[in-house]
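K.L.:
What follows is the file model_3.txt, containing compact mmCIF, C-alpha atoms:
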```
# COMPACT_ATOMS: atom_id res chain seq x y z
CA MET E 1 -72.21 -11.57 -42.99
CA SER E 2 -73.72 -8.12 -42.66
CA MET E 3 -73.05 -5.50 -40.03
CA ARG E 4 -76.43 -6.23 -38.48
CA GLU E 5 -75.72 -9.94 -38.18
CA VAL E 6 -72.35 -9.22 -36.60
CA PHE E 7 -74.09 -7.24 -33.85
CA ASP E 8 -76.98 -9.68 -33.48
CA LYS E 9 -74.69 -12.67 -33.18
CA ASN E 10 -72.40 -11.11 -30.61
CA PRO E 11 -74.66 -9.60 -27.97
CA ASP E 12 -71.86 -9.62 -25.40
CA ARG E 13 -69.82 -7.11 -27.31
CA ARG E 14 -69.72 -3.78 -25.55
CA TYR E 15 -66.71 -2.00 -27.02
CA ILE E 16 -66.86 -1.10 -30.67
CA MET E 17 -63.92 0.49 -32.48
CA PHE E 18 -63.44 1.76 -35.97
CA GLY E 19 -59.90 2.08 -37.20
CA GLY E 20 -58.28 3.07 -40.44
CA LYS E 21 -56.28 5.79 -42.10
CA GLY E 22 -57.28 9.39 -41.57
CA GLY E 23 -60.27 10.74 -43.46
CA LEU E 24 -61.80 7.43 -44.52
CA GLY E 25 -64.94 7.77 -42.45
CA LYS E 26 -64.17 6.40 -39.00
CA THR E 27 -66.08 9.16 -37.25
CA THR E 28 -69.01 8.80 -39.65
CA PHE E 29 -69.27 5.07 -39.01
CA SER E 30 -68.86 5.55 -35.26
CA ALA E 31 -71.68 8.07 -35.22
CA ALA E 32 -73.95 5.98 -37.47
CA THR E 33 -73.36 2.82 -35.43
CA ALA E 34 -74.04 4.73 -32.22
CA TYR E 35 -77.22 6.10 -33.77
CA TRP E 36 -78.43 2.67 -34.87
CA LEU E 37 -77.70 1.03 -31.51
CA ALA E 38 -79.43 3.88 -29.68
CA LYS E 39 -82.49 3.41 -31.90
CA GLN E 40 -82.44 -0.29 -30.99
CA GLY E 41 -82.91 0.77 -27.40
CA TYR E 42 -79.34 0.50 -26.13
CA LYS E 43 -77.69 3.23 -24.14
CA VAL E 44 -74.66 4.22 -26.15
CA LEU E 45 -71.65 6.44 -25.60
CA VAL E 46 -69.56 7.39 -28.60
CA PHE E 47 -66.35 9.10 -27.62
CA SER E 48 -63.29 10.39 -29.31
CA VAL E 49 -59.71 9.79 -28.22
CA ASP E 50 -58.41 12.04 -30.98
CA PRO E 51 -56.97 15.40 -29.89
CA GLN E 52 -58.33 16.76 -33.17
CA ALA E 53 -61.71 15.17 -32.72
CA SER E 54 -64.57 15.66 -35.14
CA LEU E 55 -67.60 14.37 -33.27
CA SER E 56 -68.62 17.97 -32.66
CA ASP E 57 -68.69 18.52 -36.41
CA ILE E 58 -70.65 15.43 -37.28
CA PHE E 59 -73.31 16.02 -34.63
CA LYS E 60 -73.24 19.77 -35.27
CA ARG E 61 -72.94 20.39 -31.55
CA ASP E 62 -70.02 21.80 -29.61
CA ILE E 63 -69.28 18.97 -27.18
CA PHE E 64 -65.51 19.42 -26.81
CA GLY E 65 -64.42 18.93 -23.20
CA LYS E 66 -67.99 18.95 -21.90
CA GLY E 67 -68.20 15.36 -20.72
CA PRO E 68 -70.89 13.06 -22.12
CA VAL E 69 -73.48 15.15 -23.96
CA GLU E 70 -76.91 13.72 -24.79
CA ILE E 71 -77.43 14.00 -28.55
CA MET E 72 -80.76 12.20 -28.59
CA PRO E 73 -82.44 9.70 -26.24
CA ASN E 74 -79.95 6.88 -25.45
CA LEU E 75 -77.18 8.44 -27.50
CA PHE E 76 -74.35 10.27 -25.77
CA ALA E 77 -71.21 11.71 -27.29
CA GLN E 78 -68.00 12.87 -25.67
CA GLU E 79 -64.83 14.55 -26.85
CA ILE E 80 -61.95 14.44 -24.42
CA ASP E 81 -60.16 17.73 -23.86
CA ALA E 82 -56.67 16.49 -23.06
CA ASP E 83 -55.26 19.94 -22.22
CA GLN E 84 -57.95 20.60 -19.67
CA ARG E 85 -57.40 17.20 -18.13
CA ILE E 86 -53.65 17.78 -17.90
CA THR E 87 -54.13 21.17 -16.24
CA GLU E 88 -56.51 19.68 -13.68
CA TYR E 89 -54.18 16.79 -13.10
CA GLN E 90 -51.19 19.10 -12.49
CA GLU E 91 -53.21 21.03 -9.93
CA GLU E 92 -54.25 17.79 -8.27
CA ILE E 93 -50.59 16.82 -7.89
CA ARG E 94 -49.68 20.26 -6.49
CA GLN E 95 -52.54 20.06 -4.00
CA LYS E 96 -51.42 16.64 -2.89
CA ILE E 97 -47.90 17.92 -2.24
CA ARG E 98 -49.26 20.90 -0.30
CA ASP E 99 -51.47 18.65 1.79
CA MET E 100 -48.86 16.00 2.44
CA TYR E 101 -46.15 18.38 3.63
CA GLY E 102 -48.20 21.36 4.79
CA MET E 103 -46.51 23.58 2.22
CA THR E 104 -48.03 26.80 0.99
CA GLU E 105 -45.74 27.00 -2.01
CA ILE E 106 -44.45 24.22 -4.19
CA PRO E 107 -40.63 24.15 -4.17
CA GLU E 108 -39.27 25.63 -7.38
CA GLU E 109 -37.52 22.45 -8.43
CA ILE E 110 -40.69 20.42 -8.06
CA GLU E 111 -42.83 23.03 -9.80
CA ASN E 112 -40.43 23.06 -12.74
CA TYR E 113 -40.71 19.35 -13.01
CA ILE E 114 -44.50 19.44 -12.96
CA GLN E 115 -44.50 21.97 -15.76
CA ALA E 116 -41.85 20.23 -17.84
CA ALA E 117 -43.66 16.91 -17.55
CA ALA E 118 -46.83 18.43 -18.96
CA ALA E 119 -44.96 19.65 -22.01
CA GLU E 120 -43.77 16.16 -22.94
CA PRO E 121 -45.24 14.89 -26.19
CA ALA E 122 -46.40 11.65 -24.61
CA MET E 123 -48.38 13.54 -22.00
CA GLU E 124 -51.42 14.13 -24.13
CA GLU E 125 -51.77 10.52 -25.22
CA SER E 126 -51.28 9.32 -21.68
CA ALA E 127 -53.89 11.73 -20.35
CA ILE E 128 -56.43 10.56 -22.91
CA PHE E 129 -55.51 6.96 -22.26
CA ASP E 130 -56.16 7.52 -18.58
CA GLU E 131 -59.45 9.28 -19.16
CA VAL E 132 -60.67 6.38 -21.30
CA VAL E 133 -60.25 4.13 -18.28
CA ASP E 134 -62.55 6.44 -16.32
CA ILE E 135 -65.11 6.54 -19.12
CA VAL E 136 -65.19 2.82 -19.74
CA GLY E 137 -64.87 1.93 -16.08
CA SER E 138 -68.01 3.85 -15.17
CA GLY E 139 -70.11 1.09 -16.77
CA ASN E 140 -73.09 3.37 -17.36
CA TYR E 141 -73.64 2.37 -20.96
CA ASP E 142 -74.57 -0.73 -22.91
CA TYR E 143 -72.17 0.13 -25.71
CA TYR E 144 -68.99 2.17 -25.87
CA ILE E 145 -67.95 3.27 -29.31
CA TYR E 146 -64.36 4.46 -29.69
CA ASP E 147 -63.82 6.92 -32.44
CA LEU E 148 -60.16 6.05 -32.83
CA VAL E 149 -57.27 8.16 -33.99
CA PRO E 150 -55.67 7.37 -37.36
CA LEU E 151 -53.80 4.09 -37.58
CA GLY E 152 -50.33 5.14 -36.56
CA HIS E 153 -51.58 6.74 -33.38
CA ALA E 154 -53.87 3.84 -32.64
CA LEU E 155 -50.94 1.47 -32.83
CA TYR E 156 -48.94 3.76 -30.58
CA TYR E 157 -51.85 3.77 -28.18
CA LEU E 158 -51.94 0.00 -28.16
CA SER E 159 -48.22 -0.49 -27.82
CA MET E 160 -48.17 2.10 -25.04
CA ALA E 161 -50.44 -0.18 -23.05
CA SER E 162 -48.01 -3.07 -23.21
CA VAL E 163 -44.96 -0.87 -22.62
CA TYR E 164 -46.59 0.75 -19.60
CA ASP E 165 -47.56 -2.62 -18.32
CA GLN E 166 -44.03 -3.98 -18.47
CA TRP E 167 -42.57 -0.83 -17.02
CA ILE E 168 -44.93 -0.87 -14.08
CA ASP E 169 -44.18 -4.54 -13.48
CA LYS E 170 -40.47 -3.77 -13.25
CA ILE E 171 -40.75 -0.90 -10.84
CA THR E 172 -43.37 -2.68 -8.79
CA ALA E 173 -40.90 -5.53 -8.39
CA LEU E 174 -38.20 -3.07 -7.29
CA ARG E 175 -40.60 -1.43 -4.89
CA THR E 176 -41.65 -4.77 -3.43
CA GLU E 177 -38.02 -5.64 -2.85
CA MET E 178 -37.53 -2.29 -1.10
CA GLU E 179 -40.50 -3.09 1.07
CA GLU E 180 -38.86 -6.37 2.07
CA TYR E 181 -35.75 -4.57 3.26
CA SER E 182 -37.90 -2.20 5.27
CA GLN E 183 -39.60 -5.14 6.85
CA VAL E 184 -36.33 -6.81 7.72
CA ALA E 185 -35.23 -3.61 9.42
CA SER E 186 -38.44 -3.26 11.37
CA VAL E 187 -38.39 -6.89 12.47
CA MET E 188 -34.83 -6.39 13.70
CA GLN E 189 -35.80 -3.21 15.48
CA ARG E 190 -38.92 -4.95 16.78
CA ASN E 191 -41.31 -2.36 15.42
CA LYS E 192 -44.79 -3.85 15.41
CA GLU E 193 -45.56 -2.99 11.81
CA SER E 194 -43.61 -1.32 9.10
CA GLU E 195 -45.24 1.69 7.54
CA GLU E 196 -47.35 0.86 4.55
CA ASP E 197 -45.64 1.82 1.33
CA GLN E 198 -47.84 4.44 -0.29
CA ILE E 199 -45.86 4.35 -3.50
CA LEU E 200 -46.38 0.64 -3.88
CA LYS E 201 -50.09 1.19 -3.44
CA GLU E 202 -50.02 3.93 -6.04
CA LEU E 203 -48.14 1.70 -8.49
CA GLN E 204 -50.65 -1.06 -8.05
CA PHE E 205 -53.41 1.44 -8.73
CA ILE E 206 -51.70 2.57 -11.96
CA LYS E 207 -51.14 -1.01 -13.00
CA HIS E 208 -54.78 -1.79 -12.45
CA ARG E 209 -55.83 1.11 -14.66
CA ILE E 210 -53.49 0.12 -17.46
CA ASN E 211 -54.61 -3.48 -17.30
CA THR E 212 -58.25 -2.44 -17.46
CA SER E 213 -57.64 -0.41 -20.57
CA SER E 214 -55.44 -2.83 -22.46
CA GLY E 215 -57.61 -5.73 -21.30
CA ILE E 216 -60.58 -4.19 -23.07
CA LEU E 217 -58.64 -3.62 -26.28
CA THR E 218 -57.78 -7.30 -26.48
CA ASP E 219 -60.97 -8.86 -25.11
CA LYS E 220 -62.27 -11.20 -27.79
CA LEU E 221 -65.73 -11.49 -26.26
CA LYS E 222 -66.45 -7.88 -25.52
CA THR E 223 -64.56 -5.99 -28.17
CA ALA E 224 -65.02 -5.62 -31.89
CA PHE E 225 -62.55 -3.77 -34.04
CA PHE E 226 -63.67 -2.79 -37.53
CA PHE E 227 -61.33 -1.58 -40.23
CA VAL E 228 -62.46 1.07 -42.65
CA VAL E 229 -61.03 0.82 -46.18
CA THR E 230 -61.69 2.51 -49.49
CA PRO E 231 -61.16 0.96 -52.93
CA GLU E 232 -57.73 2.49 -53.52
CA GLU E 233 -54.41 0.75 -53.88
CA MET E 234 -52.50 2.63 -51.17
CA ILE E 235 -55.29 2.22 -48.67
CA ILE E 236 -55.52 -1.51 -49.25
CA LEU E 237 -51.78 -1.96 -48.80
CA ASP E 238 -51.66 0.13 -45.63
CA THR E 239 -54.68 -1.59 -44.15
CA LYS E 240 -53.19 -5.01 -44.78
CA LYS E 241 -50.04 -3.94 -42.97
CA ALA E 242 -51.96 -2.40 -40.10
CA ALA E 243 -54.21 -5.43 -39.73
CA GLY E 244 -51.11 -7.57 -39.30
CA LEU E 245 -49.77 -5.25 -36.60
CA PHE E 246 -53.09 -5.13 -34.79
CA ALA E 247 -53.28 -8.90 -34.85
CA LYS E 248 -49.86 -8.97 -33.20
CA PHE E 249 -51.28 -6.97 -30.30
CA ASP E 250 -54.15 -9.48 -30.08
CA VAL E 251 -56.79 -6.98 -31.11
CA PRO E 252 -59.90 -8.92 -32.12
CA LEU E 253 -60.56 -7.90 -35.74
CA ALA E 254 -64.26 -8.12 -36.48
CA GLY E 255 -64.27 -7.24 -40.15
CA TYR E 256 -63.80 -4.64 -42.85
CA ILE E 257 -66.15 -1.97 -44.15
CA VAL E 258 -65.56 -0.53 -47.58
CA ASN E 259 -66.39 3.16 -47.80
CA ARG E 260 -66.74 5.64 -50.67
CA VAL E 261 -67.92 3.16 -53.30
CA ILE E 262 -69.34 5.02 -56.30
CA PRO E 263 -72.92 3.70 -56.67
CA PRO E 264 -72.79 1.01 -59.41
CA GLU E 265 -76.22 2.02 -60.78
CA LEU E 266 -74.55 5.17 -62.13
CA ALA E 267 -72.89 3.03 -64.81
CA GLY E 268 -76.20 2.74 -66.66
CA GLN E 269 -76.52 6.52 -66.89
CA ASN E 270 -74.92 9.01 -69.15
CA ILE E 271 -71.84 9.89 -67.11
CA PRO E 272 -68.57 11.57 -68.04
CA ALA E 273 -65.53 9.45 -68.90
CA TYR E 274 -63.76 10.73 -65.80
CA LEU E 275 -66.32 9.14 -63.53
CA ARG E 276 -66.48 5.99 -65.66
CA ASN E 277 -62.71 5.57 -65.32
CA ARG E 278 -62.90 5.99 -61.59
CA MET E 279 -65.64 3.39 -61.42
CA GLU E 280 -63.54 0.92 -63.39
CA MET E 281 -60.61 1.56 -61.09
CA GLN E 282 -62.84 0.95 -58.07
CA THR E 283 -64.19 -2.28 -59.53
CA THR E 284 -60.63 -3.61 -59.79
CA TYR E 285 -59.82 -2.65 -56.21
CA LEU E 286 -63.15 -3.89 -54.86
CA LYS E 287 -62.28 -7.29 -56.29
CA GLU E 288 -58.87 -7.07 -54.68
CA ILE E 289 -60.43 -6.13 -51.33
CA ASP E 290 -62.75 -9.14 -51.54
CA GLN E 291 -59.75 -11.34 -52.22
CA VAL E 292 -57.35 -9.92 -49.66
CA PHE E 293 -59.90 -9.71 -46.86
CA SER E 294 -62.00 -12.60 -48.12
CA GLY E 295 -65.02 -13.45 -46.02
CA GLU E 296 -64.43 -10.51 -43.72
CA VAL E 297 -65.89 -7.67 -45.74
CA LEU E 298 -69.11 -6.72 -44.01
CA ALA E 299 -70.46 -3.82 -46.02
CA ARG E 300 -69.92 -1.60 -49.02
CA ILE E 301 -70.97 1.93 -48.31
CA PRO E 302 -71.67 4.19 -51.26
CA GLU E 303 -70.25 7.64 -51.66
CA PHE E 304 -73.00 10.05 -50.62
CA GLU E 305 -73.93 13.09 -52.63
CA ARG E 306 -73.17 15.34 -49.67
CA ASP E 307 -71.33 15.46 -46.34
CA ILE E 308 -72.56 13.31 -43.52
CA THR E 309 -73.26 15.81 -40.78
CA GLY E 310 -76.32 16.27 -38.63
CA LEU E 311 -78.71 13.58 -37.39
CA PRO E 312 -80.82 13.16 -40.57
CA MET E 313 -77.71 12.32 -42.63
CA ILE E 314 -76.39 10.06 -39.85
CA GLU E 315 -79.72 8.25 -39.94
CA ARG E 316 -79.37 7.69 -43.68
CA MET E 317 -75.88 6.34 -43.15
CA ALA E 318 -77.11 4.01 -40.40
CA GLU E 319 -79.77 2.68 -42.76
CA VAL E 320 -77.18 1.93 -45.40
CA MET E 321 -74.88 0.25 -42.87
CA PHE E 322 -77.45 -1.79 -41.02
CA GLY E 323 -80.39 -1.84 -43.39
CA GLY E 324 -83.88 -0.66 -42.44
CA LYS E 325 -84.71 0.75 -39.02
CA MET G 1 -56.84 2.46 17.21
CA THR G 2 -56.32 0.50 20.39
CA GLU G 3 -54.47 2.28 23.09
CA GLU G 4 -51.58 0.44 24.57
CA LYS G 5 -50.42 0.98 28.08
CA GLU G 6 -46.82 1.94 28.40
CA LYS G 7 -45.24 -0.89 30.34
CA LYS G 8 -42.23 -0.47 32.46
CA PRO G 9 -39.37 -2.28 30.75
CA GLY G 10 -38.66 -5.51 32.62
CA TRP G 11 -35.36 -7.37 32.83
CA PHE G 12 -36.33 -9.48 29.78
CA ASP G 13 -36.65 -6.36 27.63
CA GLY G 14 -33.18 -5.38 28.73
CA VAL G 15 -31.83 -8.72 27.57
CA LYS G 16 -33.63 -8.33 24.25
CA SER G 17 -32.10 -4.91 23.75
CA VAL G 18 -28.61 -6.25 24.40
CA LEU G 19 -29.17 -9.11 21.98
CA TYR G 20 -30.47 -6.68 19.37
CA GLY G 21 -27.45 -4.50 19.81
CA MET G 22 -25.13 -7.48 19.42
CA ALA G 23 -26.81 -9.21 16.49
CA GLY G 24 -29.68 -7.31 14.97
CA HIS G 25 -28.55 -3.72 14.81
CA ASP G 26 -25.99 -4.18 12.08
CA MET G 27 -28.38 -6.15 9.97
CA ALA G 28 -31.09 -3.58 10.40
CA ARG G 29 -28.67 -0.83 9.48
CA TYR G 30 -27.57 -2.74 6.42
CA ALA G 31 -31.16 -3.36 5.35
CA LEU G 32 -31.99 0.32 5.71
CA LYS G 33 -28.89 1.36 3.82
CA THR G 34 -29.71 -0.98 0.94
CA ARG G 35 -33.22 0.32 0.95
CA GLY G 36 -31.93 3.88 0.79
CA SER G 37 -29.85 3.09 -2.29
CA MET G 38 -32.80 1.44 -3.92
CA GLU G 39 -34.90 4.46 -3.13
CA HIS G 40 -32.49 6.59 -5.13
CA LEU G 41 -32.54 4.11 -7.97
CA PHE G 42 -36.30 4.17 -7.88
CA ILE G 43 -36.42 7.95 -8.10
CA LEU G 44 -33.97 7.82 -10.98
CA ILE G 45 -36.13 5.52 -13.04
CA THR G 46 -39.32 7.36 -12.28
CA MET G 47 -38.20 10.98 -12.09
CA GLY G 48 -35.26 10.81 -14.48
CA ASP G 49 -36.51 13.94 -16.23
CA LEU G 50 -35.35 15.99 -13.28
CA LEU G 51 -31.78 15.32 -14.36
CA GLY G 52 -32.68 15.54 -18.01
CA ILE G 53 -32.93 11.80 -18.51
CA PRO G 54 -36.37 11.05 -19.87
CA ILE G 55 -37.08 7.47 -18.97
CA LEU G 56 -40.77 6.96 -18.63
CA PRO G 57 -44.05 8.41 -19.84
CA PRO G 58 -44.51 11.38 -17.55
CA TYR G 59 -48.20 11.06 -16.85
CA TYR G 60 -47.93 8.39 -14.20
CA SER G 61 -44.59 9.55 -12.88
CA LEU G 62 -46.35 12.75 -11.80
CA ARG G 63 -48.65 10.60 -9.69
CA LEU G 64 -45.63 9.38 -7.76
CA LEU G 65 -44.00 12.79 -7.42
CA PRO G 66 -45.66 13.84 -4.15
CA TYR G 67 -44.23 10.82 -2.33
CA VAL G 68 -40.64 11.49 -3.24
CA VAL G 69 -40.58 15.27 -2.70
CA PRO G 70 -38.49 15.03 0.51
CA GLN G 71 -35.91 12.72 -1.11
CA ILE G 72 -35.48 14.75 -4.27
CA SER G 73 -32.80 17.12 -3.07
CA THR G 74 -30.58 14.44 -1.48
CA TRP G 75 -31.07 12.26 -4.52
CA LYS G 76 -30.07 15.02 -6.88
CA ARG G 77 -27.02 15.87 -4.82
CA ARG G 78 -25.93 12.24 -4.85
CA MET G 79 -26.48 11.80 -8.57
CA LEU G 80 -24.67 14.99 -9.43
CA ARG G 81 -21.80 14.30 -7.04
CA GLU G 82 -21.10 10.98 -8.70
CA LYS G 83 -21.19 12.66 -12.05
CA ASP G 84 -18.63 15.26 -10.90
CA LEU G 85 -16.31 12.49 -9.77
CA THR G 86 -16.21 10.82 -13.17
CA ASP G 87 -15.64 14.20 -14.74
CA ALA G 88 -12.60 14.72 -12.50
CA LEU G 89 -11.17 11.33 -13.46
CA ALA G 90 -11.52 11.93 -17.15
```
Would you mind giving the structure from this file in structure tokens?
P.N.:
Amino acid sequence: MSMREVFDKNPDRRYIMFGGKGGLGKTTFSAATAYWLAKQGYKVLVFSVDPQASLSDIFKRDIFGKGPVEIMPNLFAQEIDADQRITEYQEEIRQKIRDMYGMTEIPEEIENYIQAAAAEPAMEESAIFDEVVDIVGSGNYDYYIYDLVPLGHALYYLSMASVYDQWIDKITALRTEMEEYSQVASVMQRNKESEEDQILKELQFIKHRINTSSGILTDKLKTAFFFVVTPEEMIILDTKKAAGLFAKFDVPLAGYIVNRVIPPELAGQNIPAYLRNRMEMQTTYLKEIDQVFSGEVLARIPEFERDITGLPMIERMAEVMFGGK
Amino acid sequence: MTEEKEKKPGWFDGVKSVLYGMAGHDMARYALKTRGSMEHLFILITMGDLLGIPILPPYYSLRLLPYVVPQISTWKRRMLREKDLTDALA
């Protein structure tokens, strides 16, 4: 099957993800796929959940933290600025405290906590995670393309969803039990209604957001996850391992794309031994890839003679990936 | 909001109050006390960082922070008091 067939045969898919080790071409493929889909007439948003995102570089536009930016008709790109989001979020919390209790100043103890929480390492991931729910939940686009973080982070991101989910379930249960005791007390005291538990409401809201996000990541109908590999031993081994882990989290794997293949037609030319050796090495590993991921390899993408940045190069890449216009 | 007229308490309300005092009050007090303990447990598992016990990803715990602001100081006092007690026993 080719990339084009995969998209043609699954018109219900809306969430496209490219995963793989760092530097293998995830951003390039995300951008090229977004470009191709936009040219087909779909409204597409490609966005990055990587704190060190590179969509700005590939589109040659500074889009960091600027929300969805229109790159060309139908094609929008977005890089999430986690720090900015955290700062805004902290202020939102402070404002809520001020409003709720009519305070002008936040008590020192509370302020310290707000600041310490923002410094936690998990904060950034969580903030991005939360923003993705906003982005995807808006439903303004036909396709959402996730330019994912390198594998380790992506797995963390996925496991975070299930950990959060369980955690929220536990405390929601505790909170519900607390609510029951309140109700017993108010029935005894013959109050008409016990006060609604705001925290319980808030927890249910959080739970809903987490479920939305992790639901998308594991939705077999709407989501396609592509792995990017290159013909190198280490990469093949790591990808195999990662694919197993992703399968454990029920991520629907849609196929593998092999990147950085030295064009085979070079073999007929007068090329240095160095390059010839590399080509032989690649041939061995390409065979291995076909064996290990048999039937699931969708495309072999040649190594280009220059960097893929700017729309004309992205267009060339899209043509190689999907063939024709 | 519907406005309710304040009724003069009749003899039946008096009886209800007596019955509540005899049977219900203790139960209500117990329920509230249990709830209070659970409230502290809840703050511990959500705001553990305040005592230096990181328990949960902080992003969503911040969302809950505004609701527990009034309880924080009593909660901290209680947690720290219990800690002092074990220290004294050791």
K.L.:
Give the answer as one residue: which of E:Ile257, E:Leu174, E:Leu286, E:Ala38 has the shortest atom-to-atom distance to E:Met72, using only C-alpha atoms?
P.N.:
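Smallest distance to E:Met72 is found for E:Ala38.
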K.L.:
Go ahead and compute the interatomic distance for atom CA of E:Leu253 and atom CA of E:Phe225, in Å to one decimal.
P.N.:
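Rounded to one decimal, the two atoms are 4.9 Å apart.
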K.L.:
Tell me which of E:Phe226, E:Tyr285, E:Phe322, E:Tyr89 sits closest to chain G, counting all atoms listed in the file.
P.N.:
E:Tyr89
K.L.:
At what distance in Å, to one decimal, does atom CA of E:Trp36 lie from atom CA of E:Ala82?
P.N.:
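It comes out at 28.4 Å.
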K.L.:
Any idea which chain E residues end up within 7 Å of chain G if we count all atoms listed in the file, as a PyMOL selection string please?
P.N.:
chain E and resi 93+96-97+113+117+122-123+126-127+178+181-182+184-185+188-189+199
K.L.:
Using only C-alpha atoms, find the one residue out of G:Ile43, G:Met22, G:Val15, G:Met79 that sits nearest to E:Arg175.
P.N.:
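Residue with the minimum atom-to-atom distance to E:Arg175: G:Ile43.
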K.L.:
Between atom CA of E:Pro252 and atom CA of E:Lys220, measure the distance and give it in Å to one decimal.
P.N.:
5.4 Å
K.L.:
Please define a box with edges along x, y and z of the file around all atoms of stretch 107-119 of chain E given in the file, extend it by 8 Å on each side, and return its centre and edge lengths in Å to one decimal, as AutoDock Vina command-line options.
P.N.:
```
--center_x -42.2 --center_y 21.3 --center_z -13.1 --size_x 25.3 --size_y 24.7 --size_z 33.8
```
K.L.:
So which residues touch stretch 213-217 of chain E within 7 Å, counting only C-alpha atoms, skipping near sequence neighbours fewer than 3 positions away, as a ChimeraX atom specification?
P.N.:
/E:133,161,209-210,223,251
